[in-house]
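*Asks:* Before we start, here is the structure in question, set down as structure tokens.
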Amino acid sequence: MSGVLRDLAHRPVRRLVQLFAGVVLYAVSIALVVHAGQGSMPWDVLTQGIAHRTGLSFGTITLLTSVAVLLCWWPLRQRPGIGTVANVLVIGLLVDPVLALLDRLPDPLPLAVAIAMAVTGIVLNGVATGLYVGARLGPGPRDGLMTGLVARTGRSVRLVRTSIEVAVVSVGWVLGGTVGWATLGYALGVGPLAQVFLRLFTVPLDDPAPEPTAEPVPA
């Protein structure tokens with residue numbers, strides 16, 4: 001409980017609103033890219049593959065995968081925060097209803113609409129990442145796995161992230177997940193997009209400078 005209170009010591013309202021807006025938009029972005037059928041985000045290729053093999057819903061697999069990744073944090077000595085829990089629960093529970101809404105659209109989608117939907121999802125994912133990471137209330141499970149491995153191995157963020165995503169895409173593709181131009185577009189574009197939106201949305205936590213004292217402090 002003390003850790004939670006510490007996390008919320010600065011600007012709690014803005015950070016909580018920003019966090020939940022970010023994870024909601026993240027779920028919407030996943031659903032947009034998946035429904036477009038132009039290739040999924042790397043971890044979602046794995047989710048699709050497992051869902052295809054097990055018959056469980058996309059959201060259920062997303063939730064279970066997030067929990068499994070969280071268990072990998074323990075040997076890496078990573079500490080989850082409010083944002084970590086919100087990431088797991090909100091995205092896992094919301095993505096199925098959003099996919100159900102998108103299923104009401106005409107099938108198949110016109111190619112131009114599918115491309116626009118995929119691009120919108122990728123850009124929205126960058127916005128969502130900037131919002132929830134910028135709230136500084138704890139990383140998502142997959143981000144925490146990456147940073148934990150970077151800290152433990154001493155390897156670069158680029159190498160560790162690329163290795164993880166190549167592995168999950170490969171396994172997901174073998175299991176039946178969808179790989180396409182949007183998968184590559186996400187891999188190339190989300191980093192620069194997230195960087196832009198992190199600059200806009202990161203909440204400053206530095207304490208303001210103390211007011212000068214009215215009387216000089218004696219030597």
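To be explicit about the labels: the chains of the structure tokens are called A, B, and onward in the order shown, and within each one the residues are counted from 1, while ligands get numbers from 1 in the order they are shown.
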Give me, as a ChimeraX atom specification, all polymer residues having an atom no more than 9 Å from Gly189 of chain A, counting only C-alpha atoms and skipping those fewer than 5 positions away in the same chain.
*Replies:* /A:122-123,126,184,194
*Asks:* So which residues touch Ala118 of chain A within 7 Å, counting only C-alpha atoms, skipping near sequence neighbours fewer than 6 positions away, as an NGL selection string?
*Replies:* :A and (32-33 or 36 or 38 or 182)
*Asks:* With N, CA, C and O atoms retained, write the just-selected residues as a compact mmCIF listing (two decimals), in the first residue's frame.
*Replies:*
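The resulting file, selection32.txt, is reproduced below:
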# COMPACT_ATOMS: atom_id res chain seq x y z
N LEU A 32 -8.21 -2.47 -33.80
CA LEU A 32 -8.21 -1.89 -35.15
C LEU A 32 -7.23 -2.62 -36.06
O LEU A 32 -7.57 -2.98 -37.19
N VAL A 33 -6.01 -2.83 -35.57
CA VAL A 33 -5.00 -3.48 -36.40
C VAL A 33 -5.37 -4.94 -36.67
O VAL A 33 -5.25 -5.43 -37.80
N ALA A 36 -8.28 -5.17 -39.17
CA ALA A 36 -7.92 -4.75 -40.53
C ALA A 36 -7.41 -5.91 -41.36
O ALA A 36 -7.51 -5.90 -42.59
N GLN A 38 -4.37 -6.85 -41.99
CA GLN A 38 -3.17 -6.55 -42.77
C GLN A 38 -1.89 -6.98 -42.06
O GLN A 38 -0.80 -6.59 -42.45
N ALA A 182 1.47 -4.57 -42.01
CA ALA A 182 1.20 -3.81 -40.78
C ALA A 182 2.10 -4.27 -39.64
O ALA A 182 2.44 -3.47 -38.76
*Asks:* For segment 133-141 of chain A, please output as a PyMOL selection string all residues within 7 Å (counting only C-alpha atoms; exclusion window: fewer than 2 positions along the same chain).
*Replies:* chain A and resi 7+15+18-19+66+69-70+80-84+87+129-131+143-145+198+201-203
*Asks:* Can you work out the spacing between atom CA of Gly148 of chain A and atom CA of Thr62 of chain A in Å, to one decimal?
*Replies:*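 Value for the atom CA of Gly148 of chain A-atom CA of Thr62 of chain A distance: 20.5 Å.
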*Asks:* Considering only C-alpha atoms, can you say which of A:Leu193, A:Ala128, A:Leu64, A:Val98 comes closest to Ile50 of chain A?
*Replies:*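 Under the stated criterion, the closest residue is A:Leu64.
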*Asks:* Quick one: residues within 10 Å of Arg77 of chain A, only C-alpha atoms, excluding same-chain residues fewer than 4 positions away - as a PDB file with N, CA and C atoms, in the first residue's frame?
*Replies:*
ATOM      1  N   CYS A  72       7.428 -13.771 -15.312  1.00  0.00           N
ATOM      2  CA  CYS A  72       8.849 -13.711 -15.701  1.00  0.00           C
ATOM      3  C   CYS A  72       9.568 -12.529 -15.053  1.00  0.00           C
ATOM      4  N   TRP A  73       8.797 -11.582 -14.494  1.00  0.00           N
ATOM      5  CA  TRP A  73       9.419 -10.438 -13.822  1.00  0.00           C
ATOM      6  C   TRP A  73      10.130 -10.841 -12.541  1.00  0.00           C
ATOM      7  N   GLY A 148      13.752  -5.386 -17.871  1.00  0.00           N
ATOM      8  CA  GLY A 148      14.401  -6.313 -16.951  1.00  0.00           C
ATOM      9  C   GLY A 148      15.513  -7.097 -17.622  1.00  0.00           C
ATOM     10  N   ALA A 151      18.504  -4.833 -18.169  1.00  0.00           N
ATOM     11  CA  ALA A 151      19.272  -4.637 -16.934  1.00  0.00           C
ATOM     12  C   ALA A 151      20.101  -5.871 -16.582  1.00  0.00           C
ATOM     13  N   ARG A 152      19.539  -7.052 -16.817  1.00  0.00           N
ATOM     14  CA  ARG A 152      20.216  -8.299 -16.436  1.00  0.00           C
ATOM     15  C   ARG A 152      21.324  -8.692 -17.409  1.00  0.00           C
TER      16      ARG A 152
END
